[in-house]
$ cat upload.txt   # compact mmCIF, C-alpha atoms and all ligand atoms
# COMPACT_ATOMS: atom_id res chain seq x y z
CA MET A 160 -15.27 13.22 -2.06
CA ARG A 161 -13.89 11.56 -5.17
CA LEU A 162 -11.20 8.94 -4.71
CA LEU A 163 -9.16 8.48 -7.87
CA TYR A 164 -7.67 5.01 -7.70
CA SER A 165 -6.72 1.91 -9.58
CA PRO A 166 -7.98 -1.42 -8.23
CA ILE A 167 -4.51 -2.99 -8.20
CA SER A 168 -2.68 -0.06 -6.58
CA PRO A 169 -1.59 -1.03 -3.05
CA PHE A 170 -1.33 2.64 -2.07
CA ALA A 171 -4.92 3.29 -3.08
CA ARG A 172 -5.95 0.04 -1.38
CA LYS A 173 -4.40 1.30 1.86
CA VAL A 174 -6.80 4.26 1.74
CA ARG A 175 -9.79 2.07 0.84
CA VAL A 176 -9.07 -0.45 3.60
CA LEU A 177 -8.57 2.25 6.22
CA ALA A 178 -11.81 3.99 5.23
CA MET A 179 -13.69 0.68 5.35
CA GLU A 180 -12.25 -0.20 8.76
CA LYS A 181 -13.50 3.18 10.03
CA GLY A 182 -16.97 2.79 8.48
CA LEU A 183 -16.33 5.77 6.21
CA PHE A 184 -16.21 4.03 2.86
CA ASP A 185 -19.53 5.49 1.72
CA LEU A 186 -18.05 8.99 1.85
CA PHE A 187 -16.09 8.23 -1.31
CA SER A 188 -17.29 8.18 -4.84
CA LEU A 189 -14.77 5.88 -6.49
CA GLU A 190 -13.27 6.66 -9.89
CA ILE A 191 -10.90 4.26 -11.60
CA VAL A 192 -7.93 5.93 -13.30
CA ALA A 193 -5.00 4.34 -15.15
CA PRO A 194 -2.05 6.48 -13.97
CA PHE A 195 0.38 5.30 -16.61
CA GLN A 196 -2.06 5.98 -19.46
CA ASP A 197 -4.34 8.79 -18.33
CA GLU A 198 -2.53 12.13 -18.39
CA SER A 199 -5.68 13.94 -17.24
CA LEU A 200 -4.86 12.69 -13.72
CA ARG A 201 -1.98 15.19 -13.77
CA ILE A 202 -4.50 18.04 -13.44
CA GLN A 203 -5.35 16.73 -9.96
CA ASN A 204 -1.95 15.33 -9.07
CA PRO A 205 1.10 16.72 -10.89
CA LEU A 206 2.88 13.42 -10.16
CA CYS A 207 0.13 11.58 -12.10
CA LYS A 208 -0.15 8.92 -9.42
CA VAL A 209 -2.99 7.25 -7.58
CA PRO A 210 -4.47 7.60 -5.08
CA ALA A 211 -5.66 11.20 -5.18
CA LEU A 212 -8.60 12.44 -3.16
CA ILE A 213 -10.68 15.32 -4.48
CA LEU A 214 -12.64 17.09 -1.77
CA ASP A 215 -16.12 18.49 -2.41
CA ASP A 216 -14.73 22.01 -2.91
CA GLY A 217 -12.30 20.71 -5.56
CA GLU A 218 -9.18 20.64 -3.40
CA ALA A 219 -6.98 17.69 -4.35
CA ILE A 220 -4.90 15.88 -1.77
CA PHE A 221 -2.23 13.20 -2.17
CA ASP A 222 -0.25 11.01 -1.53
CA SER A 223 -1.67 8.00 0.27
CA GLY A 224 -0.07 8.99 3.58
CA VAL A 225 -1.68 12.43 3.51
CA ILE A 226 -5.03 10.96 2.49
CA VAL A 227 -5.08 8.36 5.29
CA ASP A 228 -4.13 11.06 7.79
CA PHE A 229 -7.05 13.19 6.57
CA VAL A 230 -9.55 10.32 6.52
CA ASP A 231 -8.41 9.08 9.92
CA GLY A 232 -9.17 12.50 11.40
CA LEU A 233 -12.78 12.40 10.21
CA ALA A 234 -14.02 9.88 12.79
CA THR A 235 -13.06 7.51 15.55
CA PRO A 236 -11.64 4.94 16.06
CA ARG A 237 -8.34 6.57 15.17
CA LEU A 238 -6.20 4.09 13.26
CA ILE A 239 -3.08 6.26 13.37
CA PRO A 240 -2.03 6.09 17.01
CA ALA A 241 -1.82 9.50 18.67
CA GLU A 242 0.71 8.71 21.37
CA GLN A 243 4.39 7.85 21.18
CA PRO A 244 5.96 5.32 20.91
CA LEU A 245 3.05 3.57 19.16
CA ARG A 246 2.70 6.44 16.69
CA ARG A 247 6.27 6.42 15.44
CA ARG A 248 6.32 2.62 15.27
CA ALA A 249 3.12 2.48 13.23
CA LEU A 250 4.25 5.26 10.88
CA THR A 251 7.66 3.62 10.45
CA LEU A 252 5.94 0.38 9.45
CA GLU A 253 3.83 2.36 7.00
CA ALA A 254 6.96 4.03 5.57
CA ALA A 255 8.70 0.67 5.18
CA ALA A 256 5.64 -0.85 3.53
CA ASP A 257 5.17 2.10 1.17
CA GLY A 258 8.88 2.03 0.32
CA MET A 259 8.64 -1.66 -0.43
CA GLY A 260 5.71 -0.80 -2.67
CA ASP A 261 7.72 1.87 -4.51
CA ALA A 262 10.56 -0.62 -5.07
CA SER A 263 8.08 -3.27 -6.21
CA VAL A 264 6.41 -0.96 -8.72
CA LEU A 265 9.85 -0.23 -10.22
CA VAL A 266 10.53 -3.97 -10.51
CA VAL A 267 7.15 -4.60 -12.12
CA ARG A 268 7.63 -1.75 -14.63
CA GLU A 269 11.13 -2.95 -15.46
CA ARG A 270 9.85 -6.46 -16.15
CA MET A 271 7.43 -4.97 -18.68
CA ARG A 272 10.37 -3.76 -20.79
CA PRO A 273 11.88 -6.09 -23.40
CA GLU A 274 14.10 -8.62 -21.65
CA SER A 275 17.18 -7.45 -23.55
CA GLU A 276 16.72 -3.98 -21.98
CA HIS A 277 16.39 -5.18 -18.39
CA ARG A 278 18.69 -3.33 -16.00
CA LYS A 279 20.26 -5.89 -13.71
CA ASP A 280 21.38 -3.26 -11.22
CA LEU A 281 17.83 -1.94 -10.89
CA PHE A 282 16.47 -5.41 -10.09
CA GLU A 283 19.26 -6.06 -7.60
CA ARG A 284 18.89 -2.81 -5.69
CA GLN A 285 15.09 -2.73 -5.61
CA LEU A 286 14.71 -6.42 -4.72
CA ARG A 287 17.25 -5.95 -1.94
CA ALA A 288 14.98 -3.24 -0.53
CA VAL A 289 11.94 -5.50 -0.90
CA ASN A 290 13.63 -8.41 0.87
CA ALA A 291 15.01 -6.29 3.69
CA ALA A 292 11.58 -4.77 4.29
CA LEU A 293 10.05 -8.26 4.36
CA ASP A 294 12.64 -9.31 6.95
CA LEU A 295 11.73 -6.27 9.03
CA PHE A 296 8.05 -7.27 8.90
CA GLU A 297 8.85 -10.86 9.91
CA ALA A 298 10.73 -9.50 12.95
CA ALA A 299 7.86 -7.07 13.67
CA VAL A 300 5.33 -9.92 13.82
CA ARG A 301 7.62 -11.86 16.14
CA ASP A 302 8.09 -8.95 18.56
CA GLY A 303 4.45 -7.87 18.40
CA THR A 304 4.99 -4.52 16.65
CA LEU A 305 2.81 -5.93 13.87
CA SER A 306 -0.22 -7.40 15.60
CA ALA A 307 -3.06 -9.62 14.49
CA GLU A 308 -5.16 -8.27 17.37
CA ARG A 309 -5.39 -4.75 15.96
CA PHE A 310 -5.55 -3.50 12.38
CA GLU A 311 -4.18 0.03 12.38
CA ILE A 312 -2.17 2.00 9.84
CA GLY A 313 1.01 -0.09 10.22
CA GLU A 314 -0.85 -3.37 9.82
CA ILE A 315 -2.98 -2.06 6.94
CA ALA A 316 0.04 -0.70 5.03
CA VAL A 317 1.97 -3.96 5.37
CA ALA A 318 -1.02 -6.15 4.49
CA VAL A 319 -1.82 -4.36 1.23
CA GLN A 320 1.82 -4.41 0.13
CA LEU A 321 2.16 -8.14 0.87
CA ALA A 322 -0.91 -8.71 -1.27
CA TYR A 323 0.73 -6.70 -4.05
CA GLN A 324 3.80 -8.96 -3.82
CA ASP A 325 1.48 -11.85 -4.61
CA VAL A 326 -0.71 -10.27 -7.25
CA ARG A 327 2.28 -8.99 -9.24
CA GLN A 328 4.52 -11.92 -8.32
CA VAL A 329 7.25 -9.53 -7.25
CA SER A 330 8.87 -11.96 -4.82
CA ALA A 331 8.27 -15.40 -3.34
CA TRP A 332 8.32 -13.99 0.16
CA ARG A 333 6.83 -16.75 2.29
CA PRO A 334 9.76 -19.21 2.63
CA ASP A 335 11.79 -18.36 5.76
CA ARG A 336 9.10 -15.92 6.94
CA PRO A 337 6.62 -18.19 8.74
CA ALA A 338 5.37 -15.63 11.27
CA LEU A 339 4.65 -13.05 8.57
CA SER A 340 2.96 -15.69 6.37
CA GLU A 341 0.65 -16.77 9.17
CA TRP A 342 -0.08 -13.16 10.12
CA PHE A 343 -0.96 -12.33 6.51
CA GLU A 344 -3.30 -15.35 6.25
CA ARG A 345 -5.18 -14.06 9.28
CA VAL A 346 -5.49 -10.41 8.30
CA SER A 347 -6.38 -11.27 4.69
CA LYS A 348 -9.68 -12.65 5.98
CA ARG A 349 -10.83 -9.26 7.25
CA THR A 350 -13.87 -7.91 5.43
CA SER A 351 -11.97 -4.81 4.33
CA MET A 352 -9.20 -6.90 2.77
CA VAL A 353 -11.59 -9.32 1.05
CA ALA A 354 -13.74 -6.47 -0.31
CA THR A 355 -10.76 -4.65 -1.83
CA HIS A 356 -8.96 -7.68 -3.25
CA ALA A 357 -8.15 -7.32 -6.96
CA THR A 358 -6.39 -9.55 -9.44
CA VAL A 359 -4.51 -8.77 -12.62
CA THR A 360 -6.56 -9.65 -15.69
N1 LIG A 401 3.94 7.72 -2.65
C1 LIG A 401 2.73 7.49 -3.41
C2 LIG A 401 2.94 6.32 -4.38
C3 LIG A 401 1.74 6.13 -5.29
C4 LIG A 401 2.11 5.29 -6.49
O1 LIG A 401 3.28 5.01 -6.80
N2 LIG A 401 1.06 4.89 -7.23
C5 LIG A 401 1.30 4.17 -8.46
C6 LIG A 401 0.26 3.09 -8.67
S1 LIG A 401 0.55 1.74 -7.59
C7 LIG A 401 1.17 5.14 -9.60
O2 LIG A 401 0.19 5.82 -9.70
N3 LIG A 401 2.20 5.21 -10.46
C8 LIG A 401 2.22 6.05 -11.60
C9 LIG A 401 3.61 6.56 -11.91
O3 LIG A 401 4.56 6.19 -11.19
O4 LIG A 401 3.75 7.32 -12.87
C10 LIG A 401 1.57 7.21 -2.46
O5 LIG A 401 1.83 6.77 -1.32
O6 LIG A 401 0.41 7.48 -2.82
$ encode --input "upload.txt" --output "structure tokens"
Amino acid sequence: MRLLYSPISPFARKVRVLAMEKGLFDLFSLEIVAPFQDESLRIQNPLCKVPALILDDGEAIFDSGVIVDFVDGLATPRLIPAEQPLRRRALTLEAAADGMGDASVLVVRERMRPESEHRKDLFERQLRAVNAALDLFEAAVRDGTLSAERFEIGEIAVAVQLAYQDVRQVSAWRPDRPALSEWFERVSKRTSMVATHATVT
């Protein structure tokens, strides 16, 4: 299987971390793609986004949620809980984390435009989504929905998006979120997180 990814993409990192946690990382041959520059990616994924997974028979699957569902089904331990209510809670955390990632990518792309062309309303709306998601995660650590004792899809999705906040300096999220900060420090030490860490050059 070929995993088309970019090292900095939090969505692709979610797939890489999940595969590593399951001991399936060696199934992938990794191919770096620059989604904003490389139009050939569109042949595999009409949205021209990473990650995309190309199966051995050529079938392409995306987006990251579909890929993690597929990879999770390949072997135990299952990192997407099967039973309710754990399943819906984990998938809701994943949706909130992915949505925070979408908002963050928009902010990062907007900052790349000349300052005179910055759209204030875009920053306001997207950063409001980022901050509200961060508040949700702080509450989730406090009530145990996000746990440091397990590292399943909800935890993985949140961890990679918090790392993206840092690497792209989207928001200074730690003040007023002590539980989330401490949780992130702990999960960042996992082998899968350390091995997939990337910085902007
Ligand atoms: N919903 C998608 C989001 C993927 C995504 O936005 N990837 C970014 C990189 S972090 C990308 O490829 N963007 C290219 C574009 O928006 O044109 C997923 O979960 O895989």
$ closest_residue --input "upload.txt" --among "A:Tyr323, A:Phe343, A:Phe229, A:Phe170" --to "ligand LIG 401 (chain A)" --atoms "only C-alpha atoms and all ligand atoms"
A:Phe170
$ residues_around --input "upload.txt" --residues "Leu321 of chain A" --least-positions-apart "5" --cutoff "9 Å" --atoms "all atoms listed in the file" --output "list in words"
Pro169, Ala256, Gly260, Leu293, Ala316, Val326, Trp332 and Phe343 of chain A
$ residues_around --input "upload.txt" --residues "Asn290 of chain A" --least-positions-apart "4" --cutoff "12 Å" --atoms "only C-alpha atoms" --output "JSON, numbers by chain"
{"A": [255, 256, 258, 259, 260, 262, 263, 282, 283, 284, 285, 286, 294, 295, 296, 297, 321, 324, 329, 330, 331, 332, 333, 334, 335, 336]}
$ write_last_selection --input "upload.txt" --atoms "C-alpha atoms" --output "PDB file, keeping the file's coordinate frame"
ATOM      1  CA  ALA A 255       8.700   0.670   5.180  1.00  0.00           C
ATOM      2  CA  ALA A 256       5.640  -0.850   3.530  1.00  0.00           C
ATOM      3  CA  GLY A 258       8.880   2.030   0.320  1.00  0.00           C
ATOM      4  CA  MET A 259       8.640  -1.660  -0.430  1.00  0.00           C
ATOM      5  CA  GLY A 260       5.710  -0.800  -2.670  1.00  0.00           C
ATOM      6  CA  ALA A 262      10.560  -0.620  -5.070  1.00  0.00           C
ATOM      7  CA  SER A 263       8.080  -3.270  -6.210  1.00  0.00           C
ATOM      8  CA  PHE A 282      16.470  -5.410 -10.090  1.00  0.00           C
ATOM      9  CA  GLU A 283      19.260  -6.060  -7.600  1.00  0.00           C
ATOM     10  CA  ARG A 284      18.890  -2.810  -5.690  1.00  0.00           C
ATOM     11  CA  GLN A 285      15.090  -2.730  -5.610  1.00  0.00           C
ATOM     12  CA  LEU A 286      14.710  -6.420  -4.720  1.00  0.00           C
ATOM     13  CA  ASP A 294      12.640  -9.310   6.950  1.00  0.00           C
ATOM     14  CA  LEU A 295      11.730  -6.270   9.030  1.00  0.00           C
ATOM     15  CA  PHE A 296       8.050  -7.270   8.900  1.00  0.00           C
ATOM     16  CA  GLU A 297       8.850 -10.860   9.910  1.00  0.00           C
ATOM     17  CA  LEU A 321       2.160  -8.140   0.870  1.00  0.00           C
ATOM     18  CA  GLN A 324       3.800  -8.960  -3.820  1.00  0.00           C
ATOM     19  CA  VAL A 329       7.250  -9.530  -7.250  1.00  0.00           C
ATOM     20  CA  SER A 330       8.870 -11.960  -4.820  1.00  0.00           C
ATOM     21  CA  ALA A 331       8.270 -15.400  -3.340  1.00  0.00           C
ATOM     22  CA  TRP A 332       8.320 -13.990   0.160  1.00  0.00           C
ATOM     23  CA  ARG A 333       6.830 -16.750   2.290  1.00  0.00           C
ATOM     24  CA  PRO A 334       9.760 -19.210   2.630  1.00  0.00           C
ATOM     25  CA  ASP A 335      11.790 -18.360   5.760  1.00  0.00           C
ATOM     26  CA  ARG A 336       9.100 -15.920   6.940  1.00  0.00           C
TER      27      ARG A 336
END
$ atom_distance --input "upload.txt" --atom1 "atom CA of Ala288 of chain A" --atom2 "atom CA of Leu250 of chain A"
17.8 Å
$ residues_near_ligand --input "upload.txt" --ligand "ligand LIG 401 (chain A)" --cutoff "8 Å" --atoms "all atoms listed in the file" --output "VMD selection string"
chain A and resid 165 167 to 171 193 to 195 206 to 211 221 to 224 257 260 to 261 264
$ atom_distance --input "upload.txt" --atom1 "atom CA of Arg327 of chain A" --atom2 "atom CA of Lys173 of chain A"
16.5 Å
$ decode --input "upload.txt" --residues "segment 241-285 of chain A" --atoms "N, CA and C atoms" --output "PDB file, in the first residue's frame"
ATOM      1  N   ALA A 241     -15.670  -0.290  19.213  1.00  0.00           N
ATOM      2  CA  ALA A 241     -16.792  -0.894  18.486  1.00  0.00           C
ATOM      3  C   ALA A 241     -18.127  -0.564  19.135  1.00  0.00           C
ATOM      4  N   GLU A 242     -18.116  -0.437  20.455  1.00  0.00           N
ATOM      5  CA  GLU A 242     -19.382  -0.338  21.196  1.00  0.00           C
ATOM      6  C   GLU A 242     -19.711   1.105  21.549  1.00  0.00           C
ATOM      7  N   GLN A 243     -21.029   1.386  21.545  1.00  0.00           N
ATOM      8  CA  GLN A 243     -21.501   2.675  22.050  1.00  0.00           C
ATOM      9  C   GLN A 243     -21.502   2.638  23.583  1.00  0.00           C
ATOM     10  N   PRO A 244     -21.318   3.706  24.315  1.00  0.00           N
ATOM     11  CA  PRO A 244     -21.167   5.064  23.816  1.00  0.00           C
ATOM     12  C   PRO A 244     -19.725   5.448  23.482  1.00  0.00           C
ATOM     13  N   LEU A 245     -18.770   4.514  23.752  1.00  0.00           N
ATOM     14  CA  LEU A 245     -17.360   4.876  23.538  1.00  0.00           C
ATOM     15  C   LEU A 245     -17.102   5.226  22.080  1.00  0.00           C
ATOM     16  N   ARG A 246     -17.792   4.486  21.169  1.00  0.00           N
ATOM     17  CA  ARG A 246     -17.562   4.720  19.746  1.00  0.00           C
ATOM     18  C   ARG A 246     -17.942   6.146  19.341  1.00  0.00           C
ATOM     19  N   ARG A 247     -19.161   6.547  19.707  1.00  0.00           N
ATOM     20  CA  ARG A 247     -19.587   7.881  19.263  1.00  0.00           C
ATOM     21  C   ARG A 247     -18.759   8.978  19.939  1.00  0.00           C
ATOM     22  N   ARG A 248     -18.326   8.729  21.165  1.00  0.00           N
ATOM     23  CA  ARG A 248     -17.514   9.755  21.844  1.00  0.00           C
ATOM     24  C   ARG A 248     -16.143   9.884  21.186  1.00  0.00           C
ATOM     25  N   ALA A 249     -15.543   8.751  20.850  1.00  0.00           N
ATOM     26  CA  ALA A 249     -14.232   8.790  20.192  1.00  0.00           C
ATOM     27  C   ALA A 249     -14.333   9.442  18.810  1.00  0.00           C
ATOM     28  N   LEU A 250     -15.377   9.075  18.065  1.00  0.00           N
ATOM     29  CA  LEU A 250     -15.514   9.627  16.701  1.00  0.00           C
ATOM     30  C   LEU A 250     -15.891  11.112  16.734  1.00  0.00           C
ATOM     31  N   THR A 251     -16.604  11.521  17.788  1.00  0.00           N
ATOM     32  CA  THR A 251     -16.911  12.954  17.913  1.00  0.00           C
ATOM     33  C   THR A 251     -15.640  13.736  18.239  1.00  0.00           C
ATOM     34  N   LEU A 252     -14.792  13.171  19.073  1.00  0.00           N
ATOM     35  CA  LEU A 252     -13.501  13.836  19.337  1.00  0.00           C
ATOM     36  C   LEU A 252     -12.685  13.931  18.049  1.00  0.00           C
ATOM     37  N   GLU A 253     -12.696  12.851  17.280  1.00  0.00           N
ATOM     38  CA  GLU A 253     -11.966  12.871  16.003  1.00  0.00           C
ATOM     39  C   GLU A 253     -12.537  13.964  15.087  1.00  0.00           C
ATOM     40  N   ALA A 254     -13.868  14.047  15.015  1.00  0.00           N
ATOM     41  CA  ALA A 254     -14.494  15.061  14.145  1.00  0.00           C
ATOM     42  C   ALA A 254     -14.132  16.471  14.611  1.00  0.00           C
ATOM     43  N   ALA A 255     -14.136  16.685  15.930  1.00  0.00           N
ATOM     44  CA  ALA A 255     -13.782  18.015  16.443  1.00  0.00           C
ATOM     45  C   ALA A 255     -12.316  18.337  16.149  1.00  0.00           C
ATOM     46  N   ALA A 256     -11.466  17.338  16.317  1.00  0.00           N
ATOM     47  CA  ALA A 256     -10.036  17.557  16.053  1.00  0.00           C
ATOM     48  C   ALA A 256      -9.796  17.820  14.564  1.00  0.00           C
ATOM     49  N   ASP A 257     -10.407  17.019  13.712  1.00  0.00           N
ATOM     50  CA  ASP A 257     -10.247  17.225  12.264  1.00  0.00           C
ATOM     51  C   ASP A 257     -10.798  18.592  11.854  1.00  0.00           C
ATOM     52  N   GLY A 258     -11.942  18.956  12.429  1.00  0.00           N
ATOM     53  CA  GLY A 258     -12.520  20.268  12.106  1.00  0.00           C
ATOM     54  C   GLY A 258     -11.627  21.400  12.565  1.00  0.00           C
ATOM     55  N   MET A 259     -11.013  21.224  13.733  1.00  0.00           N
ATOM     56  CA  MET A 259     -10.047  22.231  14.183  1.00  0.00           C
ATOM     57  C   MET A 259      -8.874  22.292  13.200  1.00  0.00           C
ATOM     58  N   GLY A 260      -8.488  21.140  12.691  1.00  0.00           N
ATOM     59  CA  GLY A 260      -7.413  21.108  11.704  1.00  0.00           C
ATOM     60  C   GLY A 260      -7.802  21.833  10.422  1.00  0.00           C
ATOM     61  N   ASP A 261      -9.025  21.603   9.946  1.00  0.00           N
ATOM     62  CA  ASP A 261      -9.490  22.304   8.735  1.00  0.00           C
ATOM     63  C   ASP A 261      -9.449  23.817   8.946  1.00  0.00           C
ATOM     64  N   ALA A 262      -9.960  24.266  10.109  1.00  0.00           N
ATOM     65  CA  ALA A 262      -9.962  25.705  10.404  1.00  0.00           C
ATOM     66  C   ALA A 262      -8.528  26.237  10.487  1.00  0.00           C
ATOM     67  N   SER A 263      -7.651  25.438  11.071  1.00  0.00           N
ATOM     68  CA  SER A 263      -6.257  25.872  11.236  1.00  0.00           C
ATOM     69  C   SER A 263      -5.542  25.986   9.890  1.00  0.00           C
ATOM     70  N   VAL A 264      -5.809  25.024   8.996  1.00  0.00           N
ATOM     71  CA  VAL A 264      -5.184  25.101   7.666  1.00  0.00           C
ATOM     72  C   VAL A 264      -5.640  26.376   6.950  1.00  0.00           C
ATOM     73  N   LEU A 265      -6.917  26.720   7.093  1.00  0.00           N
ATOM     74  CA  LEU A 265      -7.410  27.967   6.467  1.00  0.00           C
ATOM     75  C   LEU A 265      -6.688  29.182   7.030  1.00  0.00           C
ATOM     76  N   VAL A 266      -6.477  29.187   8.349  1.00  0.00           N
ATOM     77  CA  VAL A 266      -5.769  30.311   8.981  1.00  0.00           C
ATOM     78  C   VAL A 266      -4.326  30.394   8.470  1.00  0.00           C
ATOM     79  N   VAL A 267      -3.677  29.235   8.415  1.00  0.00           N
ATOM     80  CA  VAL A 267      -2.283  29.209   7.957  1.00  0.00           C
ATOM     81  C   VAL A 267      -2.181  29.692   6.513  1.00  0.00           C
ATOM     82  N   ARG A 268      -3.091  29.227   5.648  1.00  0.00           N
ATOM     83  CA  ARG A 268      -3.062  29.655   4.238  1.00  0.00           C
ATOM     84  C   ARG A 268      -3.347  31.146   4.116  1.00  0.00           C
ATOM     85  N   GLU A 269      -4.265  31.645   4.931  1.00  0.00           N
ATOM     86  CA  GLU A 269      -4.591  33.071   4.871  1.00  0.00           C
ATOM     87  C   GLU A 269      -3.392  33.918   5.292  1.00  0.00           C
ATOM     88  N   ARG A 270      -2.666  33.451   6.289  1.00  0.00           N
ATOM     89  CA  ARG A 270      -1.484  34.200   6.751  1.00  0.00           C
ATOM     90  C   ARG A 270      -0.399  34.262   5.688  1.00  0.00           C
ATOM     91  N   MET A 271      -0.441  33.310   4.749  1.00  0.00           N
ATOM     92  CA  MET A 271       0.574  33.300   3.682  1.00  0.00           C
ATOM     93  C   MET A 271       0.290  34.371   2.628  1.00  0.00           C
ATOM     94  N   ARG A 272      -0.938  34.902   2.616  1.00  0.00           N
ATOM     95  CA  ARG A 272      -1.278  35.956   1.658  1.00  0.00           C
ATOM     96  C   ARG A 272      -0.681  37.277   2.129  1.00  0.00           C
ATOM     97  N   PRO A 273      -0.492  38.227   1.220  1.00  0.00           N
ATOM     98  CA  PRO A 273       0.016  39.532   1.647  1.00  0.00           C
ATOM     99  C   PRO A 273      -0.882  40.111   2.743  1.00  0.00           C
ATOM    100  N   GLU A 274      -0.249  40.761   3.717  1.00  0.00           N
ATOM    101  CA  GLU A 274      -0.998  41.214   4.888  1.00  0.00           C
ATOM    102  C   GLU A 274      -2.168  42.127   4.507  1.00  0.00           C
ATOM    103  N   SER A 275      -1.964  42.910   3.457  1.00  0.00           N
ATOM    104  CA  SER A 275      -3.020  43.860   3.060  1.00  0.00           C
ATOM    105  C   SER A 275      -4.273  43.124   2.552  1.00  0.00           C
ATOM    106  N   GLU A 276      -4.087  41.842   2.177  1.00  0.00           N
ATOM    107  CA  GLU A 276      -5.230  41.073   1.644  1.00  0.00           C
ATOM    108  C   GLU A 276      -5.869  40.153   2.686  1.00  0.00           C
ATOM    109  N   HIS A 277      -5.360  40.233   3.918  1.00  0.00           N
ATOM    110  CA  HIS A 277      -5.918  39.346   4.956  1.00  0.00           C
ATOM    111  C   HIS A 277      -7.393  39.636   5.196  1.00  0.00           C
ATOM    112  N   ARG A 278      -8.178  38.554   5.280  1.00  0.00           N
ATOM    113  CA  ARG A 278      -9.618  38.714   5.553  1.00  0.00           C
ATOM    114  C   ARG A 278      -9.863  38.531   7.045  1.00  0.00           C
ATOM    115  N   LYS A 279     -10.202  39.657   7.679  1.00  0.00           N
ATOM    116  CA  LYS A 279     -10.382  39.653   9.133  1.00  0.00           C
ATOM    117  C   LYS A 279     -11.502  38.683   9.543  1.00  0.00           C
ATOM    118  N   ASP A 280     -12.560  38.655   8.742  1.00  0.00           N
ATOM    119  CA  ASP A 280     -13.690  37.799   9.111  1.00  0.00           C
ATOM    120  C   ASP A 280     -13.313  36.317   9.057  1.00  0.00           C
ATOM    121  N   LEU A 281     -12.413  35.978   8.119  1.00  0.00           N
ATOM    122  CA  LEU A 281     -11.969  34.581   8.045  1.00  0.00           C
ATOM    123  C   LEU A 281     -11.194  34.210   9.315  1.00  0.00           C
ATOM    124  N   PHE A 282     -10.234  35.075   9.692  1.00  0.00           N
ATOM    125  CA  PHE A 282      -9.475  34.790  10.917  1.00  0.00           C
ATOM    126  C   PHE A 282     -10.417  34.645  12.105  1.00  0.00           C
ATOM    127  N   GLU A 283     -11.360  35.582  12.226  1.00  0.00           N
ATOM    128  CA  GLU A 283     -12.243  35.578  13.407  1.00  0.00           C
ATOM    129  C   GLU A 283     -13.050  34.280  13.480  1.00  0.00           C
ATOM    130  N   ARG A 284     -13.665  33.933  12.359  1.00  0.00           N
ATOM    131  CA  ARG A 284     -14.547  32.749  12.392  1.00  0.00           C
ATOM    132  C   ARG A 284     -13.753  31.464  12.621  1.00  0.00           C
ATOM    133  N   GLN A 285     -12.637  31.320  11.887  1.00  0.00           N
ATOM    134  CA  GLN A 285     -11.879  30.070  11.998  1.00  0.00           C
ATOM    135  C   GLN A 285     -11.191  29.953  13.356  1.00  0.00           C
TER     136      GLN A 285
END
